[in-house]
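Just my_file-v9.txt here, compact mmCIF, N, CA and C atoms:
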```
# COMPACT_ATOMS: atom_id res chain seq x y z
N MET Z 355 109.79 92.15 42.23
CA MET Z 355 111.07 92.74 41.96
C MET Z 355 111.77 92.04 40.78
N GLN Z 356 111.46 90.77 40.59
CA GLN Z 356 112.06 90.04 39.48
C GLN Z 356 111.65 90.64 38.15
N ALA Z 357 110.38 90.98 38.00
CA ALA Z 357 109.90 91.57 36.76
C ALA Z 357 110.55 92.94 36.53
N PHE Z 358 110.71 93.71 37.59
CA PHE Z 358 111.36 95.02 37.48
C PHE Z 358 112.80 94.86 37.00
N LEU Z 359 113.53 93.93 37.61
CA LEU Z 359 114.93 93.71 37.24
C LEU Z 359 115.05 93.27 35.78
N GLU Z 360 114.20 92.35 35.36
CA GLU Z 360 114.23 91.89 33.97
C GLU Z 360 113.94 93.05 33.01
N TYR Z 361 112.96 93.85 33.33
CA TYR Z 361 112.58 94.98 32.48
C TYR Z 361 113.74 95.96 32.31
N VAL Z 362 114.37 96.33 33.41
CA VAL Z 362 115.46 97.31 33.36
C VAL Z 362 116.65 96.75 32.60
N VAL Z 363 117.05 95.53 32.91
CA VAL Z 363 118.24 94.95 32.28
C VAL Z 363 118.01 94.71 30.79
N LYS Z 364 116.84 94.20 30.43
CA LYS Z 364 116.56 93.97 29.01
C LYS Z 364 116.57 95.26 28.21
N GLY Z 365 116.26 96.38 28.84
CA GLY Z 365 116.31 97.67 28.17
C GLY Z 365 117.73 98.18 27.96
N LEU Z 366 118.68 97.65 28.72
CA LEU Z 366 120.07 98.11 28.64
C LEU Z 366 120.93 97.31 27.67
N VAL Z 367 120.63 96.03 27.50
CA VAL Z 367 121.55 95.13 26.79
C VAL Z 367 121.25 95.02 25.30
N GLN Z 368 122.24 94.49 24.57
CA GLN Z 368 122.11 94.26 23.13
C GLN Z 368 121.39 92.95 22.83
N HIS Z 369 121.47 91.98 23.75
CA HIS Z 369 120.88 90.65 23.55
C HIS Z 369 119.85 90.37 24.65
N PRO Z 370 118.68 91.01 24.61
CA PRO Z 370 117.70 90.83 25.69
C PRO Z 370 117.13 89.41 25.79
N GLU Z 371 117.21 88.65 24.71
CA GLU Z 371 116.67 87.28 24.74
C GLU Z 371 117.54 86.36 25.60
N GLU Z 372 118.76 86.76 25.91
CA GLU Z 372 119.66 85.93 26.69
C GLU Z 372 119.66 86.29 28.18
N VAL Z 373 118.83 87.22 28.58
CA VAL Z 373 118.75 87.63 29.98
C VAL Z 373 117.86 86.64 30.75
N SER Z 374 118.38 86.14 31.87
CA SER Z 374 117.56 85.30 32.74
C SER Z 374 117.82 85.69 34.19
N VAL Z 375 116.75 85.72 34.98
CA VAL Z 375 116.82 86.10 36.38
C VAL Z 375 116.25 84.95 37.20
N THR Z 376 117.05 84.47 38.17
CA THR Z 376 116.63 83.36 39.02
C THR Z 376 116.66 83.80 40.48
N PRO Z 377 115.52 83.73 41.19
CA PRO Z 377 115.53 84.11 42.61
C PRO Z 377 116.07 82.97 43.48
N VAL Z 378 116.90 83.32 44.47
CA VAL Z 378 117.47 82.36 45.41
C VAL Z 378 117.34 82.96 46.81
N GLU Z 379 116.84 82.17 47.75
CA GLU Z 379 116.71 82.63 49.14
C GLU Z 379 118.03 82.39 49.88
N ARG Z 380 118.56 83.44 50.50
CA ARG Z 380 119.79 83.33 51.27
C ARG Z 380 119.65 84.15 52.55
N GLY Z 381 119.56 83.47 53.66
CA GLY Z 381 119.55 84.15 54.95
C GLY Z 381 118.44 85.17 55.11
N GLY Z 382 117.23 84.85 54.72
CA GLY Z 382 116.10 85.76 54.86
C GLY Z 382 116.07 86.87 53.82
N GLN Z 383 116.90 86.76 52.82
CA GLN Z 383 116.96 87.76 51.76
C GLN Z 383 116.86 87.06 50.42
N THR Z 384 116.16 87.67 49.49
CA THR Z 384 116.08 87.13 48.14
C THR Z 384 117.19 87.73 47.30
N VAL Z 385 118.02 86.85 46.73
CA VAL Z 385 119.10 87.29 45.85
C VAL Z 385 118.74 86.83 44.45
N PHE Z 386 118.66 87.77 43.53
CA PHE Z 386 118.35 87.44 42.15
C PHE Z 386 119.65 87.24 41.39
N GLU Z 387 119.82 86.05 40.83
CA GLU Z 387 121.01 85.74 40.03
C GLU Z 387 120.73 86.13 38.59
N LEU Z 388 121.52 87.04 38.09
CA LEU Z 388 121.33 87.59 36.75
C LEU Z 388 122.34 86.97 35.80
N ARG Z 389 121.84 86.32 34.76
CA ARG Z 389 122.69 85.73 33.74
C ARG Z 389 122.39 86.44 32.42
N LEU Z 390 123.46 86.80 31.71
CA LEU Z 390 123.29 87.47 30.43
C LEU Z 390 124.50 87.21 29.56
N ASN Z 391 124.42 87.66 28.33
CA ASN Z 391 125.52 87.51 27.38
C ASN Z 391 126.74 88.23 27.95
N PRO Z 392 127.92 87.57 27.95
CA PRO Z 392 129.12 88.22 28.49
C PRO Z 392 129.46 89.56 27.84
N ALA Z 393 129.09 89.74 26.61
CA ALA Z 393 129.35 91.02 25.93
C ALA Z 393 128.51 92.15 26.51
N ASP Z 394 127.41 91.84 27.18
CA ASP Z 394 126.51 92.84 27.75
C ASP Z 394 126.83 93.20 29.19
N ALA Z 395 127.76 92.50 29.81
CA ALA Z 395 128.06 92.74 31.22
C ALA Z 395 128.51 94.18 31.46
N GLY Z 396 129.31 94.71 30.58
CA GLY Z 396 129.79 96.08 30.73
C GLY Z 396 128.67 97.10 30.69
N ARG Z 397 127.65 96.84 29.90
CA ARG Z 397 126.50 97.76 29.82
C ARG Z 397 125.72 97.78 31.13
N VAL Z 398 125.61 96.63 31.78
CA VAL Z 398 124.87 96.56 33.04
C VAL Z 398 125.70 97.16 34.17
N ILE Z 399 127.00 96.95 34.15
CA ILE Z 399 127.86 97.48 35.21
C ILE Z 399 128.01 98.99 35.08
N GLY Z 400 128.25 99.48 33.88
CA GLY Z 400 128.37 100.92 33.67
C GLY Z 400 129.74 101.44 34.06
N LYS Z 401 129.96 102.72 33.84
CA LYS Z 401 131.25 103.34 34.19
C LYS Z 401 131.40 103.38 35.70
N GLN Z 402 132.48 102.79 36.16
CA GLN Z 402 132.81 102.72 37.59
C GLN Z 402 131.68 102.12 38.42
N GLY Z 403 130.86 101.27 37.80
CA GLY Z 403 129.80 100.58 38.52
C GLY Z 403 128.58 101.42 38.82
N GLN Z 404 128.45 102.56 38.17
CA GLN Z 404 127.34 103.46 38.47
C GLN Z 404 125.98 102.86 38.11
N THR Z 405 125.90 102.18 36.97
CA THR Z 405 124.61 101.63 36.53
C THR Z 405 124.15 100.52 37.45
N ILE Z 406 125.05 99.58 37.76
CA ILE Z 406 124.66 98.45 38.60
C ILE Z 406 124.32 98.93 40.02
N ASN Z 407 125.03 99.94 40.51
CA ASN Z 407 124.72 100.48 41.84
C ASN Z 407 123.37 101.18 41.85
N ALA Z 408 123.03 101.87 40.77
CA ALA Z 408 121.73 102.53 40.69
C ALA Z 408 120.60 101.51 40.68
N ILE Z 409 120.78 100.41 39.93
CA ILE Z 409 119.76 99.36 39.89
C ILE Z 409 119.60 98.74 41.28
N ARG Z 410 120.71 98.49 41.95
CA ARG Z 410 120.65 97.92 43.31
C ARG Z 410 119.89 98.84 44.27
N MET Z 411 120.15 100.13 44.19
CA MET Z 411 119.46 101.09 45.06
C MET Z 411 117.96 101.10 44.81
N LEU Z 412 117.58 101.07 43.53
CA LEU Z 412 116.15 101.05 43.20
C LEU Z 412 115.49 99.77 43.73
N MET Z 413 116.19 98.65 43.60
CA MET Z 413 115.64 97.38 44.09
C MET Z 413 115.51 97.39 45.61
N GLN Z 414 116.48 97.95 46.31
CA GLN Z 414 116.42 98.01 47.76
C GLN Z 414 115.27 98.89 48.22
N ALA Z 415 115.08 100.02 47.56
CA ALA Z 415 114.00 100.93 47.92
C ALA Z 415 112.64 100.29 47.65
N GLY Z 416 112.50 99.66 46.49
CA GLY Z 416 111.23 99.02 46.14
C GLY Z 416 110.90 97.85 47.05
N SER Z 417 111.88 97.05 47.39
CA SER Z 417 111.63 95.90 48.25
C SER Z 417 111.36 96.33 49.69
N ALA Z 418 111.99 97.42 50.13
CA ALA Z 418 111.74 97.92 51.48
C ALA Z 418 110.30 98.38 51.63
N LYS Z 419 109.75 98.98 50.58
CA LYS Z 419 108.34 99.39 50.62
C LYS Z 419 107.41 98.20 50.81
N GLN Z 420 107.83 97.04 50.29
CA GLN Z 420 107.03 95.82 50.40
C GLN Z 420 107.39 95.02 51.65
N GLY Z 421 108.31 95.52 52.47
CA GLY Z 421 108.71 94.83 53.68
C GLY Z 421 109.61 93.63 53.42
N GLN Z 422 110.35 93.67 52.35
CA GLN Z 422 111.24 92.57 51.99
C GLN Z 422 112.66 93.08 51.87
N ARG Z 423 113.59 92.13 51.72
CA ARG Z 423 114.98 92.48 51.44
C ARG Z 423 115.41 91.71 50.21
N CYS Z 424 116.00 92.40 49.25
CA CYS Z 424 116.48 91.71 48.06
C CYS Z 424 117.66 92.44 47.45
N SER Z 425 118.42 91.70 46.67
CA SER Z 425 119.54 92.25 45.94
C SER Z 425 119.75 91.38 44.71
N PHE Z 426 120.76 91.69 43.92
CA PHE Z 426 121.05 90.84 42.77
C PHE Z 426 122.54 90.80 42.53
N GLU Z 427 122.96 89.78 41.81
CA GLU Z 427 124.38 89.65 41.46
C GLU Z 427 124.49 89.08 40.07
N LEU Z 428 125.54 89.48 39.36
CA LEU Z 428 125.81 88.95 38.04
C LEU Z 428 126.50 87.59 38.20
N VAL Z 429 126.03 86.60 37.44
CA VAL Z 429 126.58 85.26 37.51
C VAL Z 429 127.20 84.95 36.16
N ASP Z 430 128.42 84.40 36.16
CA ASP Z 430 129.07 84.01 34.91
C ASP Z 430 128.34 82.84 34.30
N ARG Z 431 128.32 82.83 32.97
CA ARG Z 431 127.68 81.70 32.26
C ARG Z 431 128.60 80.56 32.16
```

How would this structure read if it were set down as structure tokens?
Amino acid sequence: MQAFLEYVVKGLVQHPEEVSVTPVERGGQTVFELRLNPADAGRVIGKQGQTINAIRMLMQAGSAKQGQRCSFELVDR
């Protein structure tokens, strides 16, 4: 799921070289911490959060197929 998240986010942002994804285990769930250029945060969030919610849904569906639970969150630099 980490590779999927990196691929999708790098395709959306203006500064793909600054994207980093770090997996963290929390309560039986993998949470991917997404760090990127602050100017790109709006592109990942989208209008009214539609883009970030769509990415979250795709990650939940993909991880459920693998019998896992995962999500991600944007982390300030």

What gap, in Å, lies between atom N of Gln356 in chain Z and CA of Lys401 in chain Z?
->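 Distance reported for this atom pair: 24.3 Å.
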
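For the atom pair formed by CA of Ala415 in chain Z and CA of Asp430 in chain Z, the distance is 26.1 Å, given to one decimal.
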
The centre and edge lengths of an axis-aligned box containing all atoms of range 412-424 of chain Z present in the file, extended by 5 Å on each side, are to be given in Å to one decimal, as JSON.
```
{"center_x": 112.3, "center_y": 96.4, "center_z": 48.4, "size_x": 20.6, "size_y": 19.4, "size_z": 20.5}
```

Determine which residues of chain Z DSSP labels as strand (DSSP E) from the backbone of this structure, then write them out as a compact mmCIF listing (two decimals) with N, CA and C atoms, in the coordinates of the input.
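Output (states.txt):
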```txt
# COMPACT_ATOMS: atom_id res chain seq x y z
N SER Z 374 118.38 86.14 31.87
CA SER Z 374 117.56 85.30 32.74
C SER Z 374 117.82 85.69 34.19
N VAL Z 375 116.75 85.72 34.98
CA VAL Z 375 116.82 86.10 36.38
C VAL Z 375 116.25 84.95 37.20
N THR Z 376 117.05 84.47 38.17
CA THR Z 376 116.63 83.36 39.02
C THR Z 376 116.66 83.80 40.48
N PRO Z 377 115.52 83.73 41.19
CA PRO Z 377 115.53 84.11 42.61
C PRO Z 377 116.07 82.97 43.48
N VAL Z 378 116.90 83.32 44.47
CA VAL Z 378 117.47 82.36 45.41
C VAL Z 378 117.34 82.96 46.81
N GLU Z 379 116.84 82.17 47.75
CA GLU Z 379 116.71 82.63 49.14
C GLU Z 379 118.03 82.39 49.88
N ARG Z 380 118.56 83.44 50.50
CA ARG Z 380 119.79 83.33 51.27
C ARG Z 380 119.65 84.15 52.55
N GLN Z 383 116.90 86.76 52.82
CA GLN Z 383 116.96 87.76 51.76
C GLN Z 383 116.86 87.06 50.42
N THR Z 384 116.16 87.67 49.49
CA THR Z 384 116.08 87.13 48.14
C THR Z 384 117.19 87.73 47.30
N VAL Z 385 118.02 86.85 46.73
CA VAL Z 385 119.10 87.29 45.85
C VAL Z 385 118.74 86.83 44.45
N PHE Z 386 118.66 87.77 43.53
CA PHE Z 386 118.35 87.44 42.15
C PHE Z 386 119.65 87.24 41.39
N GLU Z 387 119.82 86.05 40.83
CA GLU Z 387 121.01 85.74 40.03
C GLU Z 387 120.73 86.13 38.59
N LEU Z 388 121.52 87.04 38.09
CA LEU Z 388 121.33 87.59 36.75
C LEU Z 388 122.34 86.97 35.80
N ARG Z 389 121.84 86.32 34.76
CA ARG Z 389 122.69 85.73 33.74
C ARG Z 389 122.39 86.44 32.42
N CYS Z 424 116.00 92.40 49.25
CA CYS Z 424 116.48 91.71 48.06
C CYS Z 424 117.66 92.44 47.45
N SER Z 425 118.42 91.70 46.67
CA SER Z 425 119.54 92.25 45.94
C SER Z 425 119.75 91.38 44.71
N PHE Z 426 120.76 91.69 43.92
CA PHE Z 426 121.05 90.84 42.77
C PHE Z 426 122.54 90.80 42.53
N GLU Z 427 122.96 89.78 41.81
CA GLU Z 427 124.38 89.65 41.46
C GLU Z 427 124.49 89.08 40.07
N LEU Z 428 125.54 89.48 39.36
CA LEU Z 428 125.81 88.95 38.04
C LEU Z 428 126.50 87.59 38.20
```

Can you tell me how far CA of Glu371 in chain Z sits from CA of Ser417 in chain Z, in Å to one decimal?
->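 So the two atoms, CA of Glu371 in chain Z and CA of Ser417 in chain Z, lie 25.5 Å apart.
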
Dig up all the protein and nucleic acid residues within 6.5 Å of (111.5, 87.5, 54.8) in the file frame, using only N, CA and C atoms, and format them as a PDB file with N, CA and C atoms, in the coordinates of the input.
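Listed below is the output, point.pdb:
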```pdb
ATOM      1  N   GLY Z 382     117.230  84.850  54.720  1.00  0.00           N
ATOM      2  CA  GLY Z 382     116.100  85.760  54.860  1.00  0.00           C
ATOM      3  C   GLY Z 382     116.070  86.870  53.820  1.00  0.00           C
ATOM      4  N   GLN Z 383     116.900  86.760  52.820  1.00  0.00           N
ATOM      5  CA  GLN Z 383     116.960  87.760  51.760  1.00  0.00           C
ATOM      6  C   GLN Z 383     116.860  87.060  50.420  1.00  0.00           C
ATOM      7  N   GLN Z 422     110.350  93.670  52.350  1.00  0.00           N
ATOM      8  CA  GLN Z 422     111.240  92.570  51.990  1.00  0.00           C
ATOM      9  C   GLN Z 422     112.660  93.080  51.870  1.00  0.00           C
ATOM     10  N   ARG Z 423     113.590  92.130  51.720  1.00  0.00           N
ATOM     11  CA  ARG Z 423     114.980  92.480  51.440  1.00  0.00           C
ATOM     12  C   ARG Z 423     115.410  91.710  50.210  1.00  0.00           C
TER      13      ARG Z 423
END
```

Hey, what's within 7 Å of Val373 in chain Z if we count only C-alpha atoms and toss same-chain stuff fewer than 5 positions away? As a list in words, please?
-> Lys364, Arg389 and Leu390 of chain Z

So which one's closest to Phe386 in chain Z, Z:Gln402, Z:Asn407, Z:Ser374, Z:Gln414? Using all atoms listed in the file, please.
-> Z:Ser374

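Residue neighbourhood of Leu412 in chain Z, excluding near-sequence residues (fewer than 2 positions): Met355, Phe358, Leu359, Val362, Thr405, Ile406, Asn407, Ala408, Ile409, Arg410, Gln414, Ala415, Gly416, Ser417, Ala418, Lys419, Arg423, Cys424, Ser425 and Phe426 of chain Z, at 12 Å, using only C-alpha atoms.
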
Kindly output range 385-401 of chain Z as a short mmCIF file (atom, residue, chain, number, x, y, z; two decimals), keeping the file's coordinate frame, after building N, CA, C and O atoms.
```cif
data_model
loop_
_atom_site.label_atom_id
_atom_site.label_comp_id
_atom_site.auth_asym_id
_atom_site.auth_seq_id
_atom_site.Cartn_x
_atom_site.Cartn_y
_atom_site.Cartn_z
N VAL Z 385 118.02 86.85 46.73
CA VAL Z 385 119.10 87.29 45.85
C VAL Z 385 118.74 86.83 44.45
O VAL Z 385 118.51 85.65 44.21
N PHE Z 386 118.66 87.77 43.53
CA PHE Z 386 118.35 87.44 42.15
C PHE Z 386 119.65 87.24 41.39
O PHE Z 386 120.50 88.13 41.35
N GLU Z 387 119.82 86.05 40.83
CA GLU Z 387 121.01 85.74 40.03
C GLU Z 387 120.73 86.13 38.59
O GLU Z 387 119.81 85.61 37.98
N LEU Z 388 121.52 87.04 38.09
CA LEU Z 388 121.33 87.59 36.75
C LEU Z 388 122.34 86.97 35.80
O LEU Z 388 123.54 87.07 36.02
N ARG Z 389 121.84 86.32 34.76
CA ARG Z 389 122.69 85.73 33.74
C ARG Z 389 122.39 86.44 32.42
O ARG Z 389 121.23 86.63 32.07
N LEU Z 390 123.46 86.80 31.71
CA LEU Z 390 123.29 87.47 30.43
C LEU Z 390 124.50 87.21 29.56
O LEU Z 390 125.47 86.60 29.99
N ASN Z 391 124.42 87.66 28.33
CA ASN Z 391 125.52 87.51 27.38
C ASN Z 391 126.74 88.23 27.95
O ASN Z 391 126.64 89.37 28.38
N PRO Z 392 127.92 87.57 27.95
CA PRO Z 392 129.12 88.22 28.49
C PRO Z 392 129.46 89.56 27.84
O PRO Z 392 130.03 90.45 28.49
N ALA Z 393 129.09 89.74 26.61
CA ALA Z 393 129.35 91.02 25.93
C ALA Z 393 128.51 92.15 26.51
O ALA Z 393 128.86 93.33 26.36
N ASP Z 394 127.41 91.84 27.18
CA ASP Z 394 126.51 92.84 27.75
C ASP Z 394 126.83 93.20 29.19
O ASP Z 394 126.22 94.13 29.74
N ALA Z 395 127.76 92.50 29.81
CA ALA Z 395 128.06 92.74 31.22
C ALA Z 395 128.51 94.18 31.46
O ALA Z 395 128.11 94.81 32.44
N GLY Z 396 129.31 94.71 30.58
CA GLY Z 396 129.79 96.08 30.73
C GLY Z 396 128.67 97.10 30.69
O GLY Z 396 128.72 98.12 31.38
N ARG Z 397 127.65 96.84 29.90
CA ARG Z 397 126.50 97.76 29.82
C ARG Z 397 125.72 97.78 31.13
O ARG Z 397 125.23 98.83 31.54
N VAL Z 398 125.61 96.63 31.78
CA VAL Z 398 124.87 96.56 33.04
C VAL Z 398 125.70 97.16 34.17
O VAL Z 398 125.16 97.83 35.05
N ILE Z 399 127.00 96.95 34.15
CA ILE Z 399 127.86 97.48 35.21
C ILE Z 399 128.01 98.99 35.08
O ILE Z 399 127.89 99.71 36.06
N GLY Z 400 128.25 99.48 33.88
CA GLY Z 400 128.37 100.92 33.67
C GLY Z 400 129.74 101.44 34.06
O GLY Z 400 130.58 100.71 34.58
N LYS Z 401 129.96 102.72 33.84
CA LYS Z 401 131.25 103.34 34.19
C LYS Z 401 131.40 103.38 35.70
O LYS Z 401 130.55 103.91 36.40
#
```
